$ cat final.pdb   # PDB, C-alpha atoms
ATOM      1  CA  MET A 325       3.318  43.076 -69.050
ATOM      2  CA  LYS A 326       3.003  41.585 -65.569
ATOM      3  CA  ILE A 327      -0.304  40.893 -63.955
ATOM      4  CA  GLN A 328      -1.858  44.125 -62.662
ATOM      5  CA  LYS A 329      -4.214  44.908 -59.819
ATOM      6  CA  GLU A 330      -7.075  47.029 -61.130
ATOM      7  CA  ILE A 331      -8.271  49.746 -58.776
ATOM      8  CA  ILE A 332     -12.019  50.132 -59.190
ATOM      9  CA  GLU A 333     -13.780  53.293 -58.059
ATOM     10  CA  PHE A 334     -17.502  53.444 -57.302
ATOM     11  CA  GLU A 335     -19.926  56.320 -56.999
ATOM     12  CA  LYS A 336     -20.495  57.131 -53.343
ATOM     13  CA  ASP A 337     -24.165  56.075 -53.249
ATOM     14  CA  LYS A 338     -23.889  52.880 -55.311
ATOM     15  CA  SER A 339     -23.027  49.256 -54.466
ATOM     16  CA  PHE A 340     -22.053  48.398 -58.028
ATOM     17  CA  LYS A 341     -21.134  49.951 -61.341
ATOM     18  CA  LEU A 342     -22.303  49.028 -64.836
ATOM     19  CA  PHE A 343     -20.396  50.313 -67.841
ATOM     20  CA  SER A 344     -19.148  49.485 -71.362
ATOM     21  CA  PRO A 345     -15.334  49.438 -71.562
ATOM     22  CA  SER A 346     -13.293  49.241 -74.759
ATOM     23  CA  LEU A 347      -9.687  48.032 -74.551
ATOM     24  CA  LYS A 348      -9.292  46.297 -77.927
ATOM     25  CA  ASN A 349      -5.662  47.222 -78.464
ATOM     26  CA  CYS A 350      -4.621  46.705 -74.850
ATOM     27  CA  PHE A 351      -3.378  43.494 -73.224
ATOM     28  CA  PHE A 352      -4.831  43.918 -69.714
ATOM     29  CA  TRP A 353      -4.030  40.779 -67.673
ATOM     30  CA  HIS A 354      -5.426  41.819 -64.304
ATOM     31  CA  TYR A 355      -7.347  41.030 -61.136
ATOM     32  CA  HIS A 356      -9.409  42.889 -58.550
ATOM     33  CA  PRO A 357     -11.194  41.964 -55.303
ATOM     34  CA  GLU A 358     -14.595  42.920 -56.775
ATOM     35  CA  ILE A 359     -16.784  40.181 -58.253
ATOM     36  CA  GLU A 360     -17.550  40.907 -61.901
ATOM     37  CA  LEU A 361     -20.284  39.979 -64.379
ATOM     38  CA  VAL A 362     -19.245  40.439 -68.018
ATOM     39  CA  TYR A 363     -21.269  40.255 -71.210
ATOM     40  CA  VAL A 364     -19.285  40.470 -74.443
ATOM     41  CA  GLU A 365     -20.719  40.385 -77.953
ATOM     42  CA  ALA A 366     -18.430  39.815 -80.942
ATOM     43  CA  SER A 367     -18.189  37.535 -83.951
ATOM     44  CA  LYS A 368     -15.336  35.684 -82.251
ATOM     45  CA  GLY A 369     -13.140  36.187 -79.195
ATOM     46  CA  ILE A 370     -10.786  34.630 -76.680
ATOM     47  CA  ARG A 371     -11.407  34.360 -72.959
ATOM     48  CA  HIS A 372      -8.629  33.812 -70.441
ATOM     49  CA  VAL A 373      -9.963  33.397 -66.893
ATOM     50  CA  GLY A 374      -7.660  31.899 -64.297
ATOM     51  CA  LYS A 375      -5.963  29.003 -66.073
ATOM     52  CA  ASP A 376      -8.737  28.514 -68.633
ATOM     53  CA  ILE A 377      -8.010  29.728 -72.155
ATOM     54  CA  SER A 378     -10.875  29.129 -74.559
ATOM     55  CA  SER A 379     -12.907  30.872 -77.210
ATOM     56  CA  PHE A 380     -16.447  32.092 -77.759
ATOM     57  CA  VAL A 381     -18.520  32.784 -80.860
ATOM     58  CA  ASP A 382     -21.175  35.524 -81.070
ATOM     59  CA  SER A 383     -21.323  36.312 -77.328
ATOM     60  CA  ASP A 384     -20.439  35.212 -73.810
ATOM     61  CA  LEU A 385     -21.700  35.892 -70.285
ATOM     62  CA  LEU A 386     -19.268  35.310 -67.434
ATOM     63  CA  LEU A 387     -19.243  35.655 -63.677
ATOM     64  CA  ILE A 388     -15.700  36.115 -62.385
ATOM     65  CA  GLY A 389     -14.914  35.827 -58.696
ATOM     66  CA  SER A 390     -12.836  37.996 -56.415
ATOM     67  CA  ASN A 391      -9.123  38.168 -57.262
ATOM     68  CA  VAL A 392      -9.339  35.784 -60.227
ATOM     69  CA  PRO A 393      -6.878  36.943 -62.918
ATOM     70  CA  HIS A 394      -8.436  37.497 -66.330
ATOM     71  CA  LEU A 395      -7.686  39.096 -69.668
ATOM     72  CA  ASN A 396      -9.910  41.792 -71.128
ATOM     73  CA  PHE A 397     -12.381  40.003 -73.388
ATOM     74  CA  ASP A 398     -12.045  42.361 -76.339
ATOM     75  CA  TYR A 399      -8.275  41.821 -76.585
ATOM     76  CA  GLY A 400      -7.247  41.300 -80.190
ATOM     77  CA  ILE A 401     -10.775  41.512 -81.625
ATOM     78  CA  GLN A 402     -10.659  43.352 -84.936
ATOM     79  CA  THR A 403     -14.395  43.256 -85.655
ATOM     80  CA  GLU A 404     -17.203  45.099 -83.871
ATOM     81  CA  CYS A 405     -17.340  44.312 -80.164
ATOM     82  CA  LYS A 406     -19.821  45.345 -77.468
ATOM     83  CA  GLN A 407     -19.373  44.850 -73.742
ATOM     84  CA  LEU A 408     -21.351  45.323 -70.548
ATOM     85  CA  VAL A 409     -19.387  44.957 -67.318
ATOM     86  CA  LEU A 410     -20.987  44.944 -63.874
ATOM     87  CA  GLN A 411     -18.669  45.159 -60.857
ATOM     88  CA  MET A 412     -19.867  44.773 -57.252
ATOM     89  CA  ARG A 413     -18.214  46.413 -54.276
ATOM     90  CA  GLU A 414     -15.776  44.215 -52.385
ATOM     91  CA  ASN A 415     -18.040  44.122 -49.311
ATOM     92  CA  PHE A 416     -21.223  43.449 -51.325
ATOM     93  CA  LEU A 417     -21.351  39.761 -50.366
ATOM     94  CA  HIS A 418     -20.617  40.236 -46.684
ATOM     95  CA  ASN A 419     -22.760  43.302 -46.034
ATOM     96  CA  LEU A 420     -25.862  42.292 -47.948
ATOM     97  CA  ILE A 421     -25.969  38.655 -49.050
ATOM     98  CA  LEU A 422     -24.524  36.782 -46.051
ATOM     99  CA  SER A 423     -26.883  38.314 -43.526
ATOM    100  CA  ILE A 424     -30.141  37.346 -45.294
ATOM    101  CA  PRO A 425     -31.252  33.668 -45.311
ATOM    102  CA  GLU A 426     -33.340  34.122 -48.457
ATOM    103  CA  PHE A 427     -30.145  34.874 -50.381
ATOM    104  CA  GLU A 428     -28.596  31.448 -49.694
ATOM    105  CA  ASN A 429     -28.614  30.448 -53.380
ATOM    106  CA  ILE A 430     -26.946  33.713 -54.360
ATOM    107  CA  LYS A 431     -24.325  33.194 -51.654
ATOM    108  CA  LYS A 432     -23.509  29.772 -53.106
ATOM    109  CA  LEU A 433     -23.302  31.278 -56.604
ATOM    110  CA  LEU A 434     -20.864  33.976 -55.523
ATOM    111  CA  ASP A 435     -18.840  31.433 -53.540
ATOM    112  CA  ARG A 436     -18.477  29.361 -56.748
ATOM    113  CA  SER A 437     -17.528  32.333 -58.878
ATOM    114  CA  TYR A 438     -13.811  31.873 -58.140
ATOM    115  CA  LEU A 439     -13.886  29.085 -60.749
ATOM    116  CA  GLY A 440     -15.135  31.457 -63.452
ATOM    117  CA  LEU A 441     -18.681  30.694 -64.642
ATOM    118  CA  SER A 442     -19.871  30.938 -68.250
ATOM    119  CA  PHE A 443     -23.638  31.089 -68.845
ATOM    120  CA  SER A 444     -25.432  30.217 -72.066
ATOM    121  CA  GLY A 445     -28.847  29.730 -73.646
ATOM    122  CA  LYS A 446     -31.978  31.356 -72.280
ATOM    123  CA  THR A 447     -30.140  32.399 -69.110
ATOM    124  CA  LYS A 448     -27.737  34.544 -71.117
ATOM    125  CA  GLU A 449     -30.529  36.128 -73.157
ATOM    126  CA  THR A 450     -32.563  36.974 -70.050
ATOM    127  CA  ILE A 451     -29.610  38.430 -68.140
ATOM    128  CA  VAL A 452     -28.529  40.638 -71.038
ATOM    129  CA  GLU A 453     -32.018  42.118 -71.273
ATOM    130  CA  LYS A 454     -32.058  42.818 -67.542
ATOM    131  CA  LEU A 455     -28.577  44.390 -67.623
ATOM    132  CA  HIS A 456     -29.774  46.856 -70.252
ATOM    133  CA  THR A 457     -32.861  47.558 -68.134
ATOM    134  CA  ILE A 458     -31.070  48.312 -64.873
ATOM    135  CA  LYS A 459     -28.620  50.537 -66.705
ATOM    136  CA  ASP A 460     -31.392  53.125 -67.042
ATOM    137  CA  GLN A 461     -33.029  52.714 -63.610
ATOM    138  CA  ASN A 462     -32.564  54.700 -60.435
ATOM    139  CA  THR A 463     -30.305  53.462 -57.641
ATOM    140  CA  PHE A 464     -32.868  51.441 -55.649
ATOM    141  CA  GLU A 465     -34.546  49.847 -58.685
ATOM    142  CA  SER A 466     -31.205  48.921 -60.209
ATOM    143  CA  LEU A 467     -30.096  47.249 -56.961
ATOM    144  CA  MET A 468     -33.300  45.179 -56.895
ATOM    145  CA  GLY A 469     -32.652  44.333 -60.541
ATOM    146  CA  LEU A 470     -29.144  43.138 -59.673
ATOM    147  CA  ILE A 471     -30.517  40.872 -56.923
ATOM    148  CA  GLU A 472     -32.937  39.399 -59.477
ATOM    149  CA  ILE A 473     -30.081  38.848 -61.934
ATOM    150  CA  LEU A 474     -28.028  37.026 -59.299
ATOM    151  CA  GLN A 475     -31.012  34.861 -58.342
ATOM    152  CA  ILE A 476     -31.559  33.858 -61.990
ATOM    153  CA  LEU A 477     -27.872  32.968 -62.335
ATOM    154  CA  ALA A 478     -27.955  31.040 -59.055
ATOM    155  CA  ARG A 479     -30.834  28.855 -60.287
ATOM    156  CA  SER A 480     -29.526  28.352 -63.818
ATOM    157  CA  THR A 481     -28.382  24.980 -65.120
ATOM    158  CA  GLU A 482     -27.007  26.599 -68.297
ATOM    159  CA  VAL A 483     -23.614  27.155 -66.745
ATOM    160  CA  LYS A 484     -20.068  25.900 -67.265
ATOM    161  CA  GLU A 485     -17.227  26.090 -64.731
ATOM    162  CA  LEU A 486     -14.145  27.324 -66.568
ATOM    163  CA  ASN A 487     -11.609  26.160 -63.983
ATOM    164  CA  SER A 488     -11.461  23.004 -61.910
ATOM    165  CA  GLU A 489      -9.216  24.490 -59.224
ATOM    166  CA  ASP A 490      -8.602  27.691 -57.305
ATOM    167  CA  THR A 491      -6.777  30.214 -59.513
ATOM    168  CA  ARG A 492      -7.190  33.342 -57.403
ATOM    169  CA  ILE A 493      -4.299  35.782 -57.308
ATOM    170  CA  LYS A 494      -2.493  34.044 -54.434
ATOM    171  CA  TRP A 495      -1.729  31.307 -56.963
ATOM    172  CA  PHE A 496      -0.091  33.828 -59.309
ATOM    173  CA  LEU A 497       1.761  36.032 -56.821
ATOM    174  CA  ASN A 498       5.148  34.420 -57.440
ATOM    175  CA  ASP A 499       4.781  34.726 -61.194
ATOM    176  CA  LYS A 500       7.633  36.910 -62.446
ATOM    177  CA  ILE A 501       7.219  36.017 -66.113
ATOM    178  CA  ARG A 502       5.509  38.429 -68.439
ATOM    179  CA  MET A 503       2.456  36.725 -69.930
ATOM    180  CA  GLY A 504       1.946  39.771 -72.121
ATOM    181  CA  THR A 505       5.293  39.107 -73.783
ATOM    182  CA  ILE A 506       4.277  35.520 -74.513
ATOM    183  CA  TYR A 507       0.877  36.540 -75.894
ATOM    184  CA  SER A 508       2.481  39.191 -78.095
ATOM    185  CA  TYR A 509       5.061  36.742 -79.426
ATOM    186  CA  ILE A 510       2.387  34.166 -80.307
ATOM    187  CA  HIS A 511       0.138  36.799 -81.883
ATOM    188  CA  GLU A 512       2.996  38.041 -84.057
ATOM    189  CA  ASN A 513       4.247  34.582 -85.041
ATOM    190  CA  TYR A 514       1.287  32.166 -84.996
ATOM    191  CA  ASP A 515       1.072  32.233 -88.812
ATOM    192  CA  LYS A 516       4.765  31.404 -89.118
ATOM    193  CA  LYS A 517       6.608  28.900 -86.926
ATOM    194  CA  PRO A 518       6.661  30.063 -83.285
ATOM    195  CA  ASN A 519       9.841  28.769 -81.696
ATOM    196  CA  VAL A 520       9.672  27.679 -78.068
ATOM    197  CA  ASN A 521      13.425  28.178 -77.679
ATOM    198  CA  GLU A 522      13.131  31.758 -78.903
ATOM    199  CA  ILE A 523      10.300  32.762 -76.565
ATOM    200  CA  ALA A 524      11.964  30.967 -73.646
ATOM    201  CA  GLN A 525      15.084  33.051 -74.197
ATOM    202  CA  THR A 526      12.986  36.225 -74.480
ATOM    203  CA  VAL A 527      11.506  35.692 -70.997
ATOM    204  CA  SER A 528      14.879  34.617 -69.554
ATOM    205  CA  LEU A 529      14.156  30.934 -68.972
ATOM    206  CA  SER A 530      15.723  27.752 -70.211
ATOM    207  CA  THR A 531      13.491  25.864 -72.625
ATOM    208  CA  PRO A 532      12.644  23.066 -70.136
ATOM    209  CA  ALA A 533      11.882  25.643 -67.414
ATOM    210  CA  PHE A 534       9.701  27.648 -69.806
ATOM    211  CA  CYS A 535       7.772  24.526 -70.847
ATOM    212  CA  ARG A 536       7.095  23.638 -67.213
ATOM    213  CA  TYR A 537       6.059  27.211 -66.423
ATOM    214  CA  PHE A 538       3.812  27.493 -69.469
ATOM    215  CA  LYS A 539       2.076  24.180 -68.779
ATOM    216  CA  LYS A 540       1.490  25.221 -65.151
ATOM    217  CA  GLN A 541       0.046  28.582 -66.206
ATOM    218  CA  THR A 542      -2.252  27.417 -68.993
ATOM    219  CA  ASN A 543      -2.769  23.645 -68.616
ATOM    220  CA  MET A 544      -1.455  23.383 -72.208
ATOM    221  CA  THR A 545       1.835  22.692 -73.888
ATOM    222  CA  PHE A 546       3.240  25.578 -75.921
ATOM    223  CA  THR A 547       2.466  23.715 -79.159
ATOM    224  CA  ASP A 548      -1.126  23.022 -78.123
ATOM    225  CA  PHE A 549      -1.600  26.660 -77.145
ATOM    226  CA  VAL A 550      -0.269  27.892 -80.495
ATOM    227  CA  ASN A 551      -2.554  25.497 -82.370
ATOM    228  CA  ASN A 552      -5.491  26.599 -80.223
ATOM    229  CA  TYR A 553      -4.663  30.217 -81.021
ATOM    230  CA  ARG A 554      -4.447  29.364 -84.727
ATOM    231  CA  ILE A 555      -7.887  27.733 -84.639
ATOM    232  CA  ASN A 556      -9.302  30.809 -82.878
ATOM    233  CA  GLN A 557      -7.845  33.044 -85.603
ATOM    234  CA  ALA A 558      -9.072  30.658 -88.284
ATOM    235  CA  GLN A 559     -12.656  31.101 -87.084
ATOM    236  CA  ILE A 560     -12.323  34.862 -87.456
ATOM    237  CA  PHE A 561     -11.084  34.540 -91.043
ATOM    238  CA  LEU A 562     -13.834  32.045 -91.897
ATOM    239  CA  LEU A 563     -16.398  34.547 -90.617
ATOM    240  CA  LYS A 564     -14.850  37.071 -93.024
ATOM    241  CA  ASP A 565     -15.708  34.609 -95.832
ATOM    242  CA  TYR A 566     -12.172  33.465 -96.677
ATOM    243  CA  SER A 567     -12.039  29.996 -98.242
ATOM    244  CA  VAL A 568     -11.075  27.051 -96.037
ATOM    245  CA  THR A 569      -7.845  26.515 -97.981
ATOM    246  CA  GLU A 570      -6.896  30.194 -97.719
ATOM    247  CA  VAL A 571      -7.520  30.175 -93.968
ATOM    248  CA  CYS A 572      -5.547  26.969 -93.415
ATOM    249  CA  PHE A 573      -2.318  28.386 -94.798
ATOM    250  CA  HIS A 574      -3.010  31.931 -93.614
ATOM    251  CA  VAL A 575      -2.967  30.859 -89.945
ATOM    252  CA  GLY A 576       0.196  28.766 -90.298
ATOM    253  CA  PHE A 577      -0.900  25.180 -90.983
ATOM    254  CA  GLU A 578       0.945  23.302 -93.715
ATOM    255  CA  SER A 579      -1.560  20.460 -94.128
ATOM    256  CA  LEU A 580      -5.217  20.983 -95.033
ATOM    257  CA  SER A 581      -6.209  17.559 -93.695
ATOM    258  CA  TYR A 582      -4.520  18.245 -90.335
ATOM    259  CA  PHE A 583      -6.166  21.676 -90.164
ATOM    260  CA  ASN A 584      -9.600  20.123 -90.785
ATOM    261  CA  LYS A 585      -8.997  17.433 -88.168
ATOM    262  CA  LEU A 586      -7.756  19.872 -85.510
ATOM    263  CA  PHE A 587     -10.497  22.397 -86.239
ATOM    264  CA  LYS A 588     -13.186  19.760 -85.748
ATOM    265  CA  HIS A 589     -11.504  18.578 -82.539
ATOM    266  CA  HIS A 590     -11.616  22.135 -81.125
ATOM    267  CA  THR A 591     -15.032  23.253 -82.366
ATOM    268  CA  GLY A 592     -17.016  20.091 -83.045
ATOM    269  CA  LYS A 593     -17.434  21.118 -86.690
ATOM    270  CA  THR A 594     -15.310  21.067 -89.813
ATOM    271  CA  PRO A 595     -14.219  24.503 -91.107
ATOM    272  CA  SER A 596     -16.800  24.232 -93.912
ATOM    273  CA  GLU A 597     -19.596  23.383 -91.479
ATOM    274  CA  PHE A 598     -18.579  26.213 -89.135
ATOM    275  CA  LYS A 599     -18.465  28.715 -91.990
ATOM    276  CA  LYS A 600     -21.816  27.631 -93.433
ATOM    277  CA  LYS A 601     -23.594  27.783 -90.079
ATOM    278  CA  HIS A 602     -22.312  31.137 -88.868
ATOM    279  CA  LEU A 603     -22.359  32.971 -92.168
ATOM    280  CA  SER A 604     -25.954  31.872 -92.713
ATOM    281  CA  ASN A 605     -26.799  33.203 -89.210
ATOM    282  CA  ILE A 606     -25.222  36.541 -90.125
ATOM    283  CA  VAL A 607     -27.188  36.743 -93.390
ATOM    284  CA  GLU A 608     -30.458  35.870 -91.624
ATOM    285  CA  SER A 609     -29.895  38.629 -89.044
ATOM    286  CA  ILE A 610     -29.406  41.323 -91.692
TER     287      ILE A 610
END
$ encode --input "final.pdb" --output "C-alpha cells"
Amino acid sequence: MKIQKEIIEFEKDKSFKLFSPSLKNCFFWHYHPEIELVYVEASKGIRHVGKDISSFVDSDLLLIGSNVPHLNFDYGIQTECKQLVLQMRENFLHNLILSIPEFENIKKLLDRSYLGLSFSGKTKETIVEKLHTIKDQNTFESLMGLIEILQILARSTEVKELNSEDTRIKWFLNDKIRMGTIYSYIHENYDKKPNVNEIAQTVSLSTPAFCRYFKKQTNMTFTDFVNNYRINQAQIFLLKDYSVTEVCFHVGFESLSYFNKLFKHHTGKTPSEFKKKHLSNIVESI
C-alpha cells in the first residue's frame, strides 16, 4: 500500500472535528494538511510518525503537523484500544492563531508540530480530560476549550520531539516502494527468520538498494527494525502473562540471554521487570 492522502471533511460551522476512529485491521500509512492531536489508549502499540518508529505502553498523546506521514496508531493492536482524534482545519493556524499576538506560544507549538510531538505525565492526563469535556460542549465553548488545550501543550515541558528533521510529505513524494508490503512481510515473519533478500525481491529492488532505501525511510537497518518489532510484540505477550522464556522463542529469538539484553536496551527494563511492573498496575486498576 502506497502512502495515501486522507481527505478530511468538516461540518460547515466547525473549525475542527473530534472523533474516535477504529482501524485496527487496516494499514493506513497516510498524510493530510490538517494538524492533528491524537490520544490512543492500549496496553501496547506502535507509533510511526515521519521517520520515527517507536512504541508506547498504556497510552500516548501526540501532536502531528501538517502533511507529516503517519500510520494509524491502532494498527495491529489485538487488545482493547480507545482513540480520540482532533483534526483542525487547514487554515486554522493562519486565520485564527497568526493574527493574534497573545497566541504566540501556540503559534510556536504548531510550527514545531512537523517534528511530531509526544506528550506525557500530567500534561497528558490534563489534555485527555479536556478532550472528553469539549466533546460534549457547544461549538463556541468547544473552540475555547481547544485554545486552552493548545496553550497547555505550548507551555508543557513534558514533551518529546519524535523526529530531528523535516519529514513532511515532500520528503516522501518520490517514494514508489510499498511500505505496507514491508510491514506485512515483517508482521507475518518476525517470529521466523525474515529474509532481507526475499523482501527486497518482493518490492523489486536489489538487496543493497533495498537496504539503502529502508535505512533512509526508517533510520534503522532491516535487522534492527525486525528486532525492534519483535521487542514490541514481546511486550504484548508479556502483558498477556506468558512466561519470559515462552515469549523469547515465540517472537523469534533463539537466545534467552540475547533477548533479555536487547529487551532491556529497548525498554530500560528486563522482561521480568517489565512484566512485574505492568501486570501489577493492571491488577491494581481492577
$ resolve_selection --input "final.pdb" --expression "the PyMOL selection byres ((chain A and resi 516-533) around 8)" --output "compact mmCIF listing (two decimals) with C-alpha atoms, in the frame of the given file"
# COMPACT_ATOMS: atom_id res chain seq x y z
CA ILE A 501 7.22 36.02 -66.11
CA ARG A 502 5.51 38.43 -68.44
CA THR A 505 5.29 39.11 -73.78
CA ILE A 506 4.28 35.52 -74.51
CA TYR A 509 5.06 36.74 -79.43
CA ILE A 510 2.39 34.17 -80.31
CA ASN A 513 4.25 34.58 -85.04
CA TYR A 514 1.29 32.17 -85.00
CA ASP A 515 1.07 32.23 -88.81
CA PHE A 534 9.70 27.65 -69.81
CA CYS A 535 7.77 24.53 -70.85
CA ARG A 536 7.10 23.64 -67.21
CA TYR A 537 6.06 27.21 -66.42
CA PHE A 546 3.24 25.58 -75.92
CA VAL A 550 -0.27 27.89 -80.50
CA VAL A 575 -2.97 30.86 -89.94
CA GLY A 576 0.20 28.77 -90.30
$ resolve_selection --input "final.pdb" --expression "the PyMOL selection byres ((chain A and resi 598) around 12)" --output "list in words"
Val381, Ile555, Ala558, Gln559, Ile560, Phe561, Leu562, Leu563, Asp565, Ser567, Val568, Asn584, Phe587, Lys588, His590, Thr591, Gly592, Lys593, Thr594, Pro595, Ser596, Glu597, Lys599, Lys600, Lys601, His602, Leu603, Ser604 and Asn605 of chain A
$ write_last_selection --input "final.pdb" --atoms "C-alpha atoms" --output "CSV table (one decimal), in the frame of the given file"
chain,number,residue,atom,x,y,z
A,381,VAL,CA,-18.5,32.8,-80.9
A,555,ILE,CA,-7.9,27.7,-84.6
A,558,ALA,CA,-9.1,30.7,-88.3
A,559,GLN,CA,-12.7,31.1,-87.1
A,560,ILE,CA,-12.3,34.9,-87.5
A,561,PHE,CA,-11.1,34.5,-91.0
A,562,LEU,CA,-13.8,32.0,-91.9
A,563,LEU,CA,-16.4,34.5,-90.6
A,565,ASP,CA,-15.7,34.6,-95.8
A,567,SER,CA,-12.0,30.0,-98.2
A,568,VAL,CA,-11.1,27.1,-96.0
A,584,ASN,CA,-9.6,20.1,-90.8
A,587,PHE,CA,-10.5,22.4,-86.2
A,588,LYS,CA,-13.2,19.8,-85.7
A,590,HIS,CA,-11.6,22.1,-81.1
A,591,THR,CA,-15.0,23.3,-82.4
A,592,GLY,CA,-17.0,20.1,-83.0
A,593,LYS,CA,-17.4,21.1,-86.7
A,594,THR,CA,-15.3,21.1,-89.8
A,595,PRO,CA,-14.2,24.5,-91.1
A,596,SER,CA,-16.8,24.2,-93.9
A,597,GLU,CA,-19.6,23.4,-91.5
A,599,LYS,CA,-18.5,28.7,-92.0
A,600,LYS,CA,-21.8,27.6,-93.4
A,601,LYS,CA,-23.6,27.8,-90.1
A,602,HIS,CA,-22.3,31.1,-88.9
A,603,LEU,CA,-22.4,33.0,-92.2
A,604,SER,CA,-26.0,31.9,-92.7
A,605,ASN,CA,-26.8,33.2,-89.2
$ residues_near_point --input "final.pdb" --point "(-34.0, 42.1, -63.6)" --cutoff "10 Å" --atoms "only C-alpha atoms" --output "PyMOL selection string"
chain A and resi 450-458+465-476
$ atom_distance --input "final.pdb" --atom1 "CA of His372 (chain A)" --atom2 "CA of Glu404 (chain A)"
19.5 Å
$ closest_residue --input "final.pdb" --among "A:Lys406, A:Arg436, A:His589, A:His354" --to "Met503 (chain A)" --atoms "only C-alpha atoms"
A:His354
$ atom_distance --input "final.pdb" --atom1 "CA of Val392 (chain A)" --atom2 "CA of Arg492 (chain A)"
4.3 Å
$ atom_distance --input "final.pdb" --atom1 "CA of Asn391 (chain A)" --atom2 "CA of Tyr355 (chain A)"
5.1 Å
$ residues_around --input "final.pdb" --residues "Tyr363 (chain A)" --least-positions-apart "6" --cutoff "6 Å" --atoms "all atoms listed in the file" --output "list in words"
Asp384, Leu385, Gln407 and Leu408 of chain A
$ residues_around --input "final.pdb" --residues "Asn415 (chain A)" --least-positions-apart "6" --cutoff "12 Å" --atoms "all atoms listed in the file" --output "list in words"
Ser339, Phe340, Pro357, Glu358, Ile359, Ser390, Ile421 and Leu422 of chain A
$ closest_residue --input "final.pdb" --among "A:Thr463, A:Asn552, A:Ser423, A:Gln411" --to "Ile332 (chain A)" --atoms "all atoms listed in the file"
A:Gln411
